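Down below is the structure, laid out as C-alpha cells.
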Amino acid sequence: MTRYTAILIGSILIFLNSFWMMHASIWNAGYPTTVSLFYNVIFIIFVVTLLNLAIRRLRANLALDRGELLLIYVMLSVASAVGGLDMLQILIPLISGVFLLATPENEWSSLFGKYIKDWMVVRDREILLLYSQGESSFYLRRHLLAWMKPIAAWGSLVVALIIVMACISVILRRRWTEQEKLSYPIIQLPLEMSHMDFWRNRLMWLGFTLAGGMDVINGLHFLYPSVPGIGGKLYDIAPFFTEKPWNAIGWTPVALFPYAVGMAFFIPLDLSFSCWFFYIFWKIERIAAASMGFRNLPGFPYLDQQASGAYLGLFAVAMWGSRRYLGEVMRKVIRGEVGKQGESVSYRIAFVLGGAAFIYILFFCLRAGMSLWVAVAFFVLYFALSTAITRMRAELGSPVHDLHFSGPDMILTTALPTRSFSPYDLTTISFFHFFNRAYRGHPMPHQLEGFKLAERSGMNVRRLFAAIIIAGILGFFASAWGYLDAAYRYGGKTGYAWRAFSRLESWLTAPRPTDIPATSAIVVGFGSTLLLYWMRMRFFWFPFHPAGFAVSNSWSINLFWFSIFVSWLVKYLILKHGGIKTHRKLIPFFLGLILGEFVVGGFWTLRGVLFKTPTYKFLF
C-alpha cells in the first residue's frame, strides 16, 4: 500500500457514510452520533477489517496495516461528528426553516428577516417548499445555485472550527497523553479491533453473540410483533412517585443497554460511581427545590446553568493543572523551538494555524453583522467548553455528554441583559444554535483520541493531522450533499428552527435583564467543580469526581445511568473478588458486548435506509 492509500480509502468511505447517515436522519432510522462511540463508524471498520483479513491471506502486500485501519477510523469519526445530529443535521433545517416557518402571525420576516444576510440562507419559498415536501430533485440547476452560497459559507466556518480544535489538541496532546497518562476509555474497542488476536478471543465472541443476538430478536420483533422482544425498553419509575414533593423527580427511566454496560466497564471505577451517584443527586435536588416551594423562580434549581458552570470548572481545572506545561509550550512558540519528536506539527505552526482559523471565525461573524466583542466572548466560551468535553472524554469516557441548551448562547444571554446585544448579534447567535444545541457528537474529542491511537499504533502523526482536516472538509460537504439529496426526494426537516428562532423572537420583542438566579447557578456549578477537585487533591479517599458531577446532569444520562450503575457494580465485584488478573481476562467480553450491538444495530439501521422503511433503533 502506498502511504496515502488509507486517506484515499477513508475519503471514499466518508461519502458512503454520509449517504447512510443523512438518509437515516430523514427516515428517522437512527442517529449514531448521539453517543460517544459512533456505531456507524464501528460497523464500517468491522466490515473493512474483515475484508482486510481476507486480503491479508491472499495478498499480504495489499492489506492495510494497523495504523492505516485506525487512521480510517479517525477520519470517519471526525466526518460523522461534523455531519451528525448536533451539527449539520441542525444547520440545514435552520437555514431552510427560518423563512419557511415565517408566517404573518409570527412576523419573523419583518421582525428579524432584515438582520439575516442573503449568503446565510435560502430565501426562495418555492425552493424551500420542495425541500420540505420532497418528491423533487436536488440536482435541478435552480436548487443547486440556491444552496451553493449558504453551504459554502457555513462550510467555511465549520472547517475553521475543525482547524482550531485540531490545533488545540496538538498543543494539549503531550500533557494529557504522555504526562498525565489519561486512560482514553472510548478508544479501547477500535484499538483492539486492529489487533489480530482480538478476533480469536472466545470471550469476545461470547459477548458479541449475547448483545448481537438480543438485537437480532428485537429487530425481528419490530418487524413481526408476534416475535417476543428481549429488553431494550425504557421503564419510567416516575409514575410511582405521585405525592408532592416526590413527583418533582421527573422522568427517571430504568433501562439496561449491553453496549452501555460495555462502554462503562472501561470508565475508572471512581468516575463511574460519580456518574450514577450524581445523577441521583440531581434528582434529590429537584425534590428538595419542590419541597422548599421555589414557585416564584421558574427554572429553579437551574440544572442546565449548573451544568454549564460545571463544564467551565472542568476547563479551569484542566488549564490550572497544565499551567507549567502551557508555559513551556509558549516559550517554544516564542523561540521557534521544535516540539518533542513525534508531534504532528510544531507548536508554532499550531498557534499560527489555529490563530488564523480563529481570526477567520471572527471575520465570518463580522460579515454576519455580529459585534466583535460578542464574537470573541462567544467563541472563547465555545472552545473552553469544547476543551472541557475533550478532557472529560480522555479521562472519563462517558457514553454521553450532551450539555443540551447550555452553550455560550445561554451563558451570555443569561449573564448579560439581552439589550447588551444588537439584533444582528442575537440573530447570528441563533444560527449558531446548530453547533450549540447539544454537544453529544462533538468533533474535538475524536481528534485528540486520534492522536492517542497514533501513539499506540505507530501511525504517522503528520499524516493523521492532515487526514483530520480532510475529514472535516469532506464530512461537511459530503453530508450536505447527502442530506439535501434525501430531503428533496423524501422531504426535509425544519423543526429544529422553531426553538432557535422562537427564542430570538422573544429576545427581540421582550428584552430581559440579567437573570441573577440563573447566573448564580452557573457560578454554583463552577464552584462545585472546583470544590470537588480540591477535595480529591486534599483527601485521597474522597470518592467523588468533578467530571462525574458535570456529565450526570445531561439529558441523555437519563438513558444510561442504570447501565453505568450495573457496569460499576460488576466491575467492583470483579476487582474485589477476582483481582486485576480476572478483570483483564474479561475485557474482551465487554468489548464484544459493544461490538455485537453496534454491528447488528448498525445492520438494522442500514436496512431501514436501503429499504426506506422504519426500523428497530437500538440506541434508545
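Residues in the C-alpha cells are numbered from 1 in each chain, the chains being A, B, ... in the order shown, and ligands are numbered from 1 in the order shown.
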Fill in: Surrounding residues of stretch 579-595 of chain A excluding itself and chain neighbours under 3 positions, 7 Å, only C-alpha atoms, as an MDAnalysis selection string
chainID A and resid 189 203:208 211 258:259 262:263 574:576 598:599
Keeping only N, CA and C atoms, write those residues as a PDB file, in the first residue's frame.
```pdb
ATOM      1  N   LEU A 189     -12.174  -0.087  22.042  1.00  0.00           N
ATOM      2  CA  LEU A 189     -12.715  -1.015  21.051  1.00  0.00           C
ATOM      3  C   LEU A 189     -12.022  -0.876  19.688  1.00  0.00           C
ATOM      4  N   LEU A 203     -14.084 -15.173  24.446  1.00  0.00           N
ATOM      5  CA  LEU A 203     -14.907 -14.331  25.309  1.00  0.00           C
ATOM      6  C   LEU A 203     -15.485 -13.148  24.536  1.00  0.00           C
ATOM      7  N   MET A 204     -14.699 -12.609  23.605  1.00  0.00           N
ATOM      8  CA  MET A 204     -15.210 -11.512  22.780  1.00  0.00           C
ATOM      9  C   MET A 204     -16.415 -11.981  21.975  1.00  0.00           C
ATOM     10  N   TRP A 205     -16.299 -13.150  21.369  1.00  0.00           N
ATOM     11  CA  TRP A 205     -17.397 -13.652  20.550  1.00  0.00           C
ATOM     12  C   TRP A 205     -18.602 -14.032  21.400  1.00  0.00           C
ATOM     13  N   LEU A 206     -18.371 -14.418  22.660  1.00  0.00           N
ATOM     14  CA  LEU A 206     -19.494 -14.676  23.564  1.00  0.00           C
ATOM     15  C   LEU A 206     -20.272 -13.389  23.821  1.00  0.00           C
ATOM     16  N   GLY A 207     -19.543 -12.312  24.150  1.00  0.00           N
ATOM     17  CA  GLY A 207     -20.211 -11.024  24.347  1.00  0.00           C
ATOM     18  C   GLY A 207     -20.882 -10.537  23.090  1.00  0.00           C
ATOM     19  N   PHE A 208     -20.224 -10.719  21.946  1.00  0.00           N
ATOM     20  CA  PHE A 208     -20.783 -10.330  20.656  1.00  0.00           C
ATOM     21  C   PHE A 208     -22.103 -11.067  20.415  1.00  0.00           C
ATOM     22  N   ALA A 211     -25.029  -9.799  22.952  1.00  0.00           N
ATOM     23  CA  ALA A 211     -25.578  -8.477  22.623  1.00  0.00           C
ATOM     24  C   ALA A 211     -26.168  -8.460  21.220  1.00  0.00           C
ATOM     25  N   PRO A 258     -26.747  -3.323  26.605  1.00  0.00           N
ATOM     26  CA  PRO A 258     -25.467  -4.045  26.648  1.00  0.00           C
ATOM     27  C   PRO A 258     -24.266  -3.191  26.232  1.00  0.00           C
ATOM     28  N   TYR A 259     -24.414  -2.397  25.160  1.00  0.00           N
ATOM     29  CA  TYR A 259     -23.276  -1.602  24.721  1.00  0.00           C
ATOM     30  C   TYR A 259     -22.894  -0.551  25.757  1.00  0.00           C
ATOM     31  N   GLY A 262     -20.971  -2.240  28.410  1.00  0.00           N
ATOM     32  CA  GLY A 262     -19.619  -2.478  27.911  1.00  0.00           C
ATOM     33  C   GLY A 262     -18.773  -1.227  27.916  1.00  0.00           C
ATOM     34  N   MET A 263     -19.322  -0.109  27.473  1.00  0.00           N
ATOM     35  CA  MET A 263     -18.565   1.143  27.449  1.00  0.00           C
ATOM     36  C   MET A 263     -18.219   1.607  28.858  1.00  0.00           C
ATOM     37  N   ILE A 574     -15.845  -7.749  40.400  1.00  0.00           N
ATOM     38  CA  ILE A 574     -14.754  -8.473  39.728  1.00  0.00           C
ATOM     39  C   ILE A 574     -13.414  -8.117  40.359  1.00  0.00           C
ATOM     40  N   LEU A 575     -13.178  -6.820  40.575  1.00  0.00           N
ATOM     41  CA  LEU A 575     -11.894  -6.388  41.149  1.00  0.00           C
ATOM     42  C   LEU A 575     -11.757  -6.843  42.604  1.00  0.00           C
ATOM     43  N   LYS A 576     -12.881  -6.852  43.333  1.00  0.00           N
ATOM     44  CA  LYS A 576     -12.814  -7.228  44.751  1.00  0.00           C
ATOM     45  C   LYS A 576     -12.569  -8.718  44.933  1.00  0.00           C
ATOM     46  N   PHE A 598     -23.395  -2.902  18.245  1.00  0.00           N
ATOM     47  CA  PHE A 598     -23.149  -1.903  17.212  1.00  0.00           C
ATOM     48  C   PHE A 598     -23.231  -2.508  15.810  1.00  0.00           C
ATOM     49  N   VAL A 599     -22.728  -3.724  15.639  1.00  0.00           N
ATOM     50  CA  VAL A 599     -22.752  -4.340  14.314  1.00  0.00           C
ATOM     51  C   VAL A 599     -24.177  -4.728  13.921  1.00  0.00           C
TER      52      VAL A 599
END
```
Practice prompt. Do a neighbour search on stretch 227-238 of chain A at 7 Å with only C-alpha atoms, toss out local chain neighbours closer than 2 positions, and write the hits as a list in words.
Written response: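 Surrounding residues, per the criterion: Met214, Ile217, Asn218, Leu220, His221, Tyr224, Pro225, Phe240, Phe241, Asn247, Ile249, Gly250, Trp251, Thr252, Pro253, Val254, Ala255, Leu256, Phe257 and Phe618 of chain A.
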Item to complete: Using only C-alpha atoms, determine which residues lie at most 9 Å from A:His404, disregarding the query and same-chain residues fewer than 5 positions distant; provide the list as a list in words.
Response: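 The neighbour list is Asp304, Asn436, Arg437, Ala438, Tyr439, Arg440, Ser554 and Trp555 of chain A.
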Discussion item. Could you pull out the alpha helix (DSSP H) residues of stretch 372-498 of chain A, going by DSSP on the backbone, and write them as a ChimeraX atom specification?
Written reply: /A:372-395,408-415,423-431,443-457,461-490,496-498
Practice prompt. Identify, on the basis of only C-alpha atoms, every residue whose closest approach to A:Tyr31 does not exceed 10 Å; exclude the query and any residue fewer than 2 positions from it along the same chain; express the result as a ChimeraX atom specification.
Written response: /A:21-22,24-25,28-29,33-35,38-40,84-86,605,617,619-620
Write the residues of the preceding selection, restricted to C-alpha atoms, as a compact mmCIF listing (two decimals), in the first residue's frame.
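Output contents, as saved in again-v7.txt:
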```txt
# COMPACT_ATOMS: atom_id res chain seq x y z
CA MET A 21 -26.23 8.97 7.98
CA MET A 22 -28.20 11.61 6.10
CA ALA A 24 -31.08 7.61 8.17
CA SER A 25 -31.78 11.08 9.56
CA ASN A 28 -35.62 8.56 11.41
CA ALA A 29 -33.71 5.30 11.10
CA THR A 33 -23.67 10.50 16.87
CA THR A 34 -25.83 10.74 19.99
CA VAL A 35 -23.38 8.58 21.97
CA PHE A 38 -20.35 6.09 16.84
CA TYR A 39 -21.90 2.76 15.86
CA ASN A 40 -21.86 3.60 12.15
CA GLY A 84 -24.11 14.43 12.88
CA LEU A 85 -27.29 15.35 14.67
CA ASP A 86 -25.61 18.14 16.64
CA THR A 605 -30.29 0.95 10.56
CA LYS A 617 -33.33 1.62 16.76
CA LEU A 619 -29.67 3.19 20.91
CA PHE A 620 -32.78 4.39 22.72
```
Could I get the residues of stretch 457-553 of chain A with an atom no further than 12 Å from an atom of stretch 110-129 of chain A, each paired with its nearest atom pair and that distance in Å to one decimal, using only C-alpha atoms, sorted by chain and residue number, as CSV?
```
residue,atom,partner,partner_atom,distance
A:Leu484,CA,A:Leu128,CA,11.1
A:Ala487,CA,A:Leu128,CA,10.3
A:Tyr488,CA,A:Leu128,CA,9.5
A:Gly491,CA,A:Leu129,CA,9.1
A:Gly492,CA,A:Leu128,CA,9.2
A:Lys493,CA,A:Leu128,CA,10.5
A:Thr494,CA,A:Leu128,CA,9.8
A:Phe501,CA,A:Phe112,CA,9.2
A:Ser502,CA,A:Phe112,CA,11.0
A:Arg503,CA,A:Phe112,CA,11.8
A:Leu504,CA,A:Phe112,CA,8.3
A:Glu505,CA,A:Leu111,CA,7.5
A:Ser506,CA,A:Leu111,CA,10.6
A:Trp507,CA,A:Phe112,CA,10.7
A:Leu508,CA,A:Leu111,CA,7.9
A:Thr509,CA,A:Leu111,CA,8.6
```
Serialized selection, C-alpha atoms, as a CSV table (one decimal), in the first residue's frame:
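Resulting contents of selection.csv:
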```csv
chain,number,residue,atom,x,y,z
A,484,LEU,CA,-30.1,17.7,0.5
A,487,ALA,CA,-34.5,15.9,1.6
A,488,TYR,CA,-35.6,16.7,-2.0
A,491,GLY,CA,-38.9,15.7,2.5
A,492,GLY,CA,-36.5,17.6,4.7
A,493,LYS,CA,-36.8,18.8,8.3
A,494,THR,CA,-37.4,22.3,9.5
A,501,PHE,CA,-36.0,31.5,16.2
A,502,SER,CA,-38.8,31.4,18.7
A,503,ARG,CA,-36.2,32.3,21.3
A,504,LEU,CA,-34.9,35.0,19.0
A,505,GLU,CA,-38.4,36.4,18.7
A,506,SER,CA,-38.7,36.6,22.5
A,507,TRP,CA,-35.3,38.3,22.8
A,508,LEU,CA,-36.3,41.0,20.3
A,509,THR,CA,-39.9,41.5,21.5
```
